[in-house]
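K.L.:
Let me begin by handing over the structure; questions about it come next.
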Amino acid sequence: MNDSQVRLQNDSSHYRLEVPSDQVDALEFQEAVARGRRHHADARIDEALSEYERAVGLWRGPILALGSEGEAALAARLEATFVDVVEQLAQLKLDRSDAADIVALLADQVAARPLRESLRLVYMRALWQSGRPAEALTVFERGRQVLADELGVDPNAELRDLHTAILRGNSDRPQERSGDSPGGREEPESSGVTAGRKPCLLPHTPHEFTGRTAELQVLRTAATESGTSALTISAIDGMGGVGKTTLAVRLAHEIAEKFPDGQFFVDLLGFTSGKDPLTPGQALAVLLRDAGLPVESLEADTSGRSAQWRSLMAGKQALIVLDNAVDATQVRALLPGTGGTLVIITSRRRLASLEGAVPLSVDTLPVPDAISLFREVSGDNLAQHEETLTDVVRLCGHLPLAIRIAAARFRHRPNWSIEDLARQLSDYRTRARLLTVGDRSVMVALSLSYRHLTGTQQHVFRLLGVHPATEFDCYSVAALAGMSVLQAEASLEALVDDNVVLQPRAGRYQLHDLLRDAAQQLHEQHDDPTDSRRAAERVVDYYILLARTWCRPLATRPFTFAEEQETTGPSLPPHPADASVREALEGELTNFISAIRLALRHGMHRQVWQLTCAVQPLFALRNYEGDALEMIQLAVTSAHAANDRDGHCLALYALALATRERRESGLAEQIFHKAIEAAAHLGKVGWQTYQWADLGSAQLNSGQPRQARESFRTGLRLATGASDRFAIHLLNNNLSVACRELGAYDDALRHLDAAESALTDLPAEATLWLNLNRALTFSQQGDFQAAYERFSWVLRQATEARSYRRISVALAGLSSTSRALGQAEPALDFGRRSLDLAKQFRLREVECLALACIGEALLEMDRRAESVEVFTRVSTLALDYGFTRYVARAHEGFAHERARAGDVTAARHHWRSASQHYPAGFVDADGPRRHLDATDPRAVDCDRCRHAATCVPAMAR
């Protein structure tokens with residue numbers, strides 16, 4: 001640089017360095033690149049090479065971007081230009097068989113940009129041309145690993161083709177056309193699949209395809225009826241091995257010519273042993289790569305890739321097979337946005353929530369088709385053995401995969417008769433062996449692995465056949481095997497390394513179903529039956545301790561078990577943080593239930609009720625859904641069988657709670673009384689106190705406010721006598737709810753004051769309950785401003801505490817009070833937010849409440865047709881859930897809508913229905929009666945006319 005041409009100027013506030021443009025290397029670089037591209041475009045290759053080499057020679061490494069975002073963007077553009085120039089320079093060198101002196105530069109750039117496939121491609125070509133094919137293959141393998149680790153995809157077609165060519169040692173080494181794109185790598189068209197490249201990626205269809213005539217016709221019809229104007233989706237579901245993929249691929253090949261813009265196939269790995277399902281982002285990466293988009297051009301996030309995919313498919317007539325989907329969520333982002341495309345999806349699940357999909361459930365084969373498949377695969381007609389063939393396909397469960405494997409084995413056993421095969425399939429032990437083949441044989445893998453395990457590892461593997469869980473950790477295995485956690489973890493990791501145990505995620509392990517069968521067989525062969533019993537006792541005791549420890553923060557007395565004092569018990573995993581307790585427990589729920597069943601099989605009746613009652617807080621949190629009721633019933637019978645009176649009383653209490661949640665009010669009351677009687681015989685005054693409280697809540701929810709008030713009063717007397725301050729607080733809170741439902745608002749507030757004073761240091765949760773009930777009482781009294789302020793306070797505090805039920809109810813309260821204060825738009829927004837949470841957390845009663853608030857807000861905004869739709873949803877859900885008061889509230893909504901329309905007769909009909917549906921004694925029933933008693937029902941102003949907060953979920957606890 002000529003120093004005389006460089007000047008440093010002082011402009012009083014800053015310095016400025018003035019340098020001639022021909023002395024700035026960045027500008028020189030850009031000018032050299034521009035000249036090189038012009039020469040390249042004019043086919044003046046020598047001049048282009050010279051300018052490209054000059055540009056590359058000016059490069060001194062990564063640009064340091066300082067200051068503004070604009071400077072950083074400029075640095076990025078220069079970096080991208082440099083890499084393009086390196087690729088073009090290398091290709092020109094390759095065209096002249098002069099690759100040796102570019103290899104080092106390419107090696108550096110590939111190391112710096114491992115995801116850029118076009119760069120890796122030219123590097124492999126350079127190595128190959130330089131007589132270094134082994135290194136080229138290594139570069140491919142490293143790239144494959146990087147792409148798999150970072151993006152979950154395979155190398156693109158060009159890289160795979162080059163890899164194959166190198167392996168085969170082809171003499172006609174493929175070359176890129178250096179004159180096609182002087183500006184760098186070829187870019188895909190913005191309007192669709194890369195020009196000139198029509199993906200045809202369908203796998204082959206087995207020639208032994210039989211049956212499925214009706215299914216194929218349904219799919220053909222769905223594929224052709226909508227024409228090219230709409231996106232067509234066919235969702236094929238069925239059990240594993242039933243032939244979903246074969247059917248989908250068969251159809252795709254038949255109609256492929258109708259989709260000239262390409263045929264795509266992606267295995268989403270939804271139900272593939274040992275592999276996690278592809279994320280939508282990973283699946284989109286595969287599709288985009290198959291469509292010709294370079295990997296370095298992929299957007300980083302799923303939404304960006306989905307937009308790229310929709311853009312590429314816009315206006316195209318393509319066929320897409322999305323095979324082995326785990327659920328609708330995995331598939332949605334993969335759907336094109338416009339018509340003309342056929343998407344065929346296969347999954348073991350019914351994708352009912354996938355909008356617009358034409359479903360087809362595939363069953364096992366009918367007997368004639370199953371026999372036909374066996375004959376085709378085996379190559380033997382077996383005309384004289386129809387009855388035996390029927391037995392064989394029955395023993396295969398009419399499942400195409402099992403039939404194929406059995407027939408293939410029979411074909412390769414010429415000395416077997418069909419009777420021999422049927423006889424061996426009849427034994428489940430030999431059946432497991434016969435229904436595996438080649439590298440898919442689990443038994444072969446086991447025979448190769450088990451022999452090489454250490455004695456400890458073999459012992460652990462055999463005991464895994466006893467383990468009740470489908471997914472387990474090293475802590476439960478340590479308890480199962482009676483060893484330390486470190487020993488268990490070491491054994492499991494060794495089993496993972498030997499492909500005997502799967503590891504779906506860090507710290508969690510699984511045993512394949514067939515390997516579980518094998519483990520059970522080995523356990524029966526090598527271990528004494530008493531060992532199985534002891535192992536079962538150890539693992540069940542582990543789950544009892546785990547459930548008691550993790551459920552303790554969620555439990556209410558008497559399901560709050562004392563902390564264990566023994567130091568010799570099983571080691572437990574770290575206790576989850578309060579915010580993640582529910583998530584952690586949900587992850588163990590299936591294991592808890594399986595452990596209960598294991599205890600029952602071994603006749604461990606005491607452990608059955610102990611584990612069930614320990615898990616009761618989780619059952620309650622899940623509204624006693626799924627297997628909860630069955631488990632609790634087992635606990636009742638097991639406690640009785642063990643003659644354990646404490647356990648029987650506690651299990652009866654849990655059964656009453658579960659029955660109450662299922663809206664079987666009469667039966668729940670009966671069971672509560674049995675539990676209370678059992679507690680009285682045991683002298684468990686504390687248990688009776690809480691049982692009376694829950695009985696009152698059941699009565700309140702079933703429309704018996706007066707009976708509920710009496711139950712709460714009985715419980716309060718017991719709590720007062722026992723000086724149980726928390727129970728006094730709880731029962732006063734519940735009494736306030738009963739009084740409010742009866743219209744005794746002063747009594748309700750008095751009980752809330754008593755509840756607040758019962759505890760000197762109110763827990764945060766208790767404070768939320770009290771303030772929520774105060775807000776509800778203010779609302780029913782007509783003090784809407786005070787109610788709004790109290791609901792707002794509850795919303796803030798509940799949000800901070802992540803107390804989602806309280807958040808949802810507070811939002812509903814804000815909706816009703818906002819409407820009463822003349823703010824219909826905010827009322828609608830609050831109602832919708834409440835509904836979202838209620839649906840997310842399965843809060844059924846709050847869901848009905850939120851919908852009612854939405855309907856009433858819409859009616860206030862004179863959006864009457866929409867309000868009727870919402871009230872209809874309220875009525876339907878309330879009937880399904882058993883909430884008759886919300887059926888009544890829906891009829892009130894219909895009545896007010898009809899009254900506004902001037903249809904007094906219809907309005908009276910709905911007010912009459914509302915009055916009949918409201919439980920006796922509820923103050924809510926006064927409104928419909930007031931309208932019915934009036935000469936002109938429109939002239940009467942009821943509580944529902946003014947506000948919507950008089951019908952809310954009972955906040956009894």
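Identifiers in this document derive from the order of the structure tokens: chains are assigned A, B, ..., residues are numbered from 1 separately in each chain, and ligands are numbered from 1 in order of occurrence.
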Quick one: residues within 12 Å of segment 218-222 of chain A, only C-alpha atoms counted, chain neighbours fewer than 3 positions away excluded, as a ChimeraX atom specification?
P.N.:
/A:212-215,225-227,230-236,247-256,258,342-345,356-362
K.L.:
Step one, run DSSP on the backbone; step two, keep only residues of segment 841-943 of chain A assigned to alpha helix (DSSP H); then write them as JSON, numbers by chain.
P.N.:
{"A": [844, 845, 846, 847, 848, 849, 850, 851, 852, 853, 854, 855, 856, 857, 858, 859, 860, 864, 865, 866, 867, 868, 869, 870, 871, 872, 873, 874, 875, 876, 877, 878, 879, 880, 881, 884, 885, 886, 887, 888, 889, 890, 891, 892, 893, 894, 895, 896, 897, 898, 899, 900, 901, 904, 905, 906, 907, 908, 909, 910, 911, 912, 913, 914, 915, 916, 917, 926, 927, 928, 929, 930, 931, 932, 933, 943]}
K.L.:
With 10 Å as the cut-off and only C-alpha atoms counted, what is the closest atom pair between each nearby residue of segment 619-701 of chain A and segment 841-861 of chain A? Distances in Å to one decimal, ordered by chain and number, as a Markdown table.
P.N.:
```
| residue | atom | partner | partner_atom | distance |
| --- | --- | --- | --- | --- |
| A:Leu621 | CA | A:Phe841 | CA | 9.6 |
| A:Arg622 | CA | A:Arg842 | CA | 8.1 |
| A:Asn623 | CA | A:Arg842 | CA | 8.1 |
```
K.L.:
State, in Å with one decimal place, the distance from atom CA of Ala518 of chain A to atom CA of Glu588 of chain A.
P.N.:
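If I compute the distance from atom CA of Ala518 of chain A to atom CA of Glu588 of chain A, I get 24.6 Å.
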K.L.:
Would you kindly return, as a list of chain:residue names, each protein, DNA or RNA residue with an atom no farther than 12 Å from any atom of Ala80 of chain A, considering only C-alpha atoms and excluding same-chain residues fewer than 4 positions away?
P.N.:
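In the requested form, the answer reads A:Gln30, A:Pro62, A:Ile63, A:Ala73, A:Leu74, A:Ala75, A:Ala76, A:Asp84, A:Val85, A:Val86, A:Glu87, A:Gln109, A:Arg113, A:Arg116, A:Leu119, A:Gly183, A:Gly184, A:Arg185, A:Glu296, A:Ser297.
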